[in-house]
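The structure appears right after this line, and notes come after that.
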Amino acid sequence: MSEYQISTDCLHAGYRPANGEPRNPPIVQSTTFRYESSEEMGKLFDLEASGYFYTRLQNPTNDTVAAKICALEGGSAAMLLSSGQAANFYAIFNLASCGDHIVASASIYGGTYNLFAVTMKRMGIEFTFVDPECSEEELNAAFRPNTKAVFGESIANPALTVLDIEKFAKAAHAHGVPLIMDNTFATPVNCRPFEWGCDIVTHSTTKYMDGHALTVGGAIVDSGKFDWTAHKDKFPGLTTPDESYHGVTYAERFGLEGAFITKATVQLMRDLGSIPSPHNCFLLNVGLETLPLRMKKHCENAQAVAEYLQGHEKIAWVQYAGLPNDTYHERAKKYMPNGTCGVVIFGVKGGRAAAEKFMAGLKLASIATHVADAKTCVLHPASSTHRQMSDAELAAAGVSPDLVRFSVGIEDIADILADLKQALERV
């Protein structure tokens, strides 16, 4: 556990320059690393020593930024990936294989839903999607003997469902499996999933962590608290020898704190290669330094937008957990007392056609397949990020045909509200 507050860790965690070294982590833009002897390099291949030999597995710049994100979440180990999609895939595939089963909240990002329900299903991994508001009895009924994990999002994209972390963690642990949570929208600044029983956290660092729409990336952070050895039969990949590394058993060699991330790095990253470039990691680190400042401004602006829209005659409904009458207001106060995120969702009276007309009238906000960066942007999920889903699947994910996802940036709030006003006047 860090001795500093999170705003300080955003600046200093993961990298401590020695005397005369650069204050900012340098970009180690190299694919390979030189050694004096084959014996020294061989120790790295056998996992008997730590170090670098090929950037597809590890790179000093990448590891520095991963260590910072690990500190922000309060985890034991972390790794960076080339996208948030890669992070969610690796987190699941590190535990599950053909013939296994995962329980997931139905209220998740459309791309993640497609990854699970279509692509990973083709790999023989089956997912059961449950209503995030289901009862404990309904949640427990979704588990099977071959269930390997539970997955959810702290704040769902775009439905803004705030997950009851303790309920899902309790069910996962009762069945001997970890809870994996995507914490992209809340960020560790506003939500600390490990403190509520979550075991593994993922991020699309493309969003608030980068914050400027510059770099695509992902991250996985392990709490180091889930006892893989207590459930050996469920997790043979972590508790039995890996013949591709001369029989190393990850849980034994690297302990509970390092087994999960080590396996995901030396096995999955070795074979699948979803590594981010060192330059992208350098840019991500720059974004992380101002994350607390930006999240505070995002939340302040989003609150003002939600309050403005809630009273507008052309708006059918508004959802934002900061509103006292919001479905998730009380739960957000519990899990995210300092704010949730900068995303507001709402419906324009007149349905889909009215929503599209409103969006076309915006001048400051950009229509973009993006969310959660410094500039305000807007999207109609049903016709873009979630267009592959059926009406029933859209309903289960909390995405109505008229839903507008408005990602509030850090511009002056007067300008954002003026843009909304003039666009709504055109509807």
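Letters A, B, ... go to the chains of the structure tokens in the order shown; residues in each chain start at 1; ligands are counted from 1 in the same order.
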Residues of segment 306-333 of chain A at most 12 Å from segment 115-138 of chain A: nearest atom pair and distance in Å, only C-alpha atoms, as a Markdown table:
| residue | atom | partner | partner_atom | distance |
| --- | --- | --- | --- | --- |
| A:Thr327 | CA | A:Glu133 | CA | 10.9 |
| A:Tyr328 | CA | A:Glu133 | CA | 10.7 |
| A:Arg331 | CA | A:Glu133 | CA | 11.7 |
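Using only C-alpha atoms, the protein and nucleic acid residues lying no more than 6 Å from segment 213-226 of chain A, apart from those fewer than 4 places from it along its own chain, are A:Cys70, A:Gly75, A:Ser76, A:Ala77, A:Ala78, A:Met79, A:Leu80, A:Leu81, A:Ser82, A:Ser83, A:Gly84, A:Ala87, A:Asp199, A:Ile200, A:Val201, A:Thr202, A:His203, A:Ser204, A:Thr205, A:Thr206, A:Leu256, A:Glu257, A:Asn280.
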Preceding selection exported with C-alpha atoms as a compact mmCIF listing (two decimals), in the first residue's frame:
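Final output, saved to part_27.txt:
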# COMPACT_ATOMS: atom_id res chain seq x y z
CA CYS A 70 -1.12 -0.83 -9.93
CA GLY A 75 -3.03 -3.95 -6.36
CA SER A 76 -0.08 -6.32 -6.20
CA ALA A 77 0.81 -6.57 -9.91
CA ALA A 78 -0.32 -5.10 -13.22
CA MET A 79 0.29 -5.21 -16.95
CA LEU A 80 -0.47 -2.92 -19.89
CA LEU A 81 -2.07 -4.05 -23.13
CA SER A 82 -2.78 -2.58 -26.53
CA SER A 83 -6.49 -1.92 -25.83
CA GLY A 84 -9.23 -2.27 -23.26
CA ALA A 87 -7.37 -6.39 -21.32
CA ASP A 199 -10.17 -9.45 -7.17
CA ILE A 200 -9.04 -8.26 -10.61
CA VAL A 201 -9.58 -4.88 -12.29
CA THR A 202 -9.37 -4.02 -15.98
CA HIS A 203 -9.24 -0.67 -17.74
CA SER A 204 -9.49 0.82 -21.16
CA THR A 205 -6.71 3.32 -20.55
CA THR A 206 -7.82 4.93 -23.82
CA LEU A 256 -0.79 -15.11 -4.87
CA GLU A 257 0.50 -11.59 -5.48
CA ASN A 280 1.98 5.12 -26.19
- Query: Which one of A:His101, A:Val344, A:Ala365, A:Val266 sits closest to Leu44 of chain A if you count only C-alpha atoms?
  - Reply: A:Val266
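Residues within 7 Å of Gly176 of chain A, counting only C-alpha atoms and excluding same-chain residues fewer than 3 positions away, are Ala172, His173 and His231 of chain A.
Interatomic distance, atom CA of Cys10 of chain A to atom CA of Leu284 of chain A: 11.2 Å.
Closest to Ala159 of chain A among A:Phe93, A:Tyr308, A:Trp196, A:Phe185 is A:Phe185, based on only C-alpha atoms.
Note that the spacing between atom CA of Leu362 of chain A and atom CA of Val408 of chain A amounts to 13.0 Å.
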- Within segment 105-333 of chain A, find each residue whose DSSP state, derived from the backbone, is strand (DSSP E), and express the selection as JSON, numbers by chain. {"A": [105, 126, 127, 128, 129, 130, 147, 148, 149, 150, 151, 152, 153, 179, 180, 181, 182, 200, 201, 202, 203, 204, 218, 219, 220, 221, 222, 315, 316, 317, 318, 319]}
Go ahead and save the residues from that selection, with C-alpha atoms, as a compact mmCIF listing (two decimals), in the first residue's frame.
# COMPACT_ATOMS: atom_id res chain seq x y z
CA SER A 105 -23.50 -8.61 -15.77
CA GLU A 126 -19.88 -19.84 -22.49
CA PHE A 127 -21.24 -16.74 -20.77
CA THR A 128 -24.40 -16.33 -18.74
CA PHE A 129 -25.52 -12.69 -18.62
CA VAL A 130 -27.46 -11.69 -15.52
CA THR A 147 -17.75 -21.37 -13.79
CA LYS A 148 -14.33 -19.69 -13.61
CA ALA A 149 -15.08 -16.01 -12.92
CA VAL A 150 -17.67 -13.25 -12.58
CA PHE A 151 -17.41 -10.09 -14.68
CA GLY A 152 -18.98 -6.64 -14.40
CA GLU A 153 -18.34 -2.93 -14.87
CA LEU A 179 -14.71 -11.09 -9.43
CA ILE A 180 -13.23 -9.25 -12.43
CA MET A 181 -14.35 -5.64 -12.88
CA ASP A 182 -13.85 -3.08 -15.59
CA ILE A 200 -9.04 -8.26 -10.61
CA VAL A 201 -9.58 -4.88 -12.29
CA THR A 202 -9.37 -4.02 -15.98
CA HIS A 203 -9.24 -0.67 -17.74
CA SER A 204 -9.49 0.82 -21.16
CA GLY A 218 -5.64 -1.30 -21.68
CA ALA A 219 -4.56 -2.50 -18.26
CA ILE A 220 -5.11 -5.42 -15.90
CA VAL A 221 -4.46 -5.09 -12.16
CA ASP A 222 -4.48 -8.03 -9.75
CA ILE A 315 -35.75 15.98 -22.75
CA ALA A 316 -37.71 12.80 -21.99
CA TRP A 317 -35.42 11.40 -19.31
CA VAL A 318 -31.95 11.85 -17.81
CA GLN A 319 -29.71 9.39 -16.00
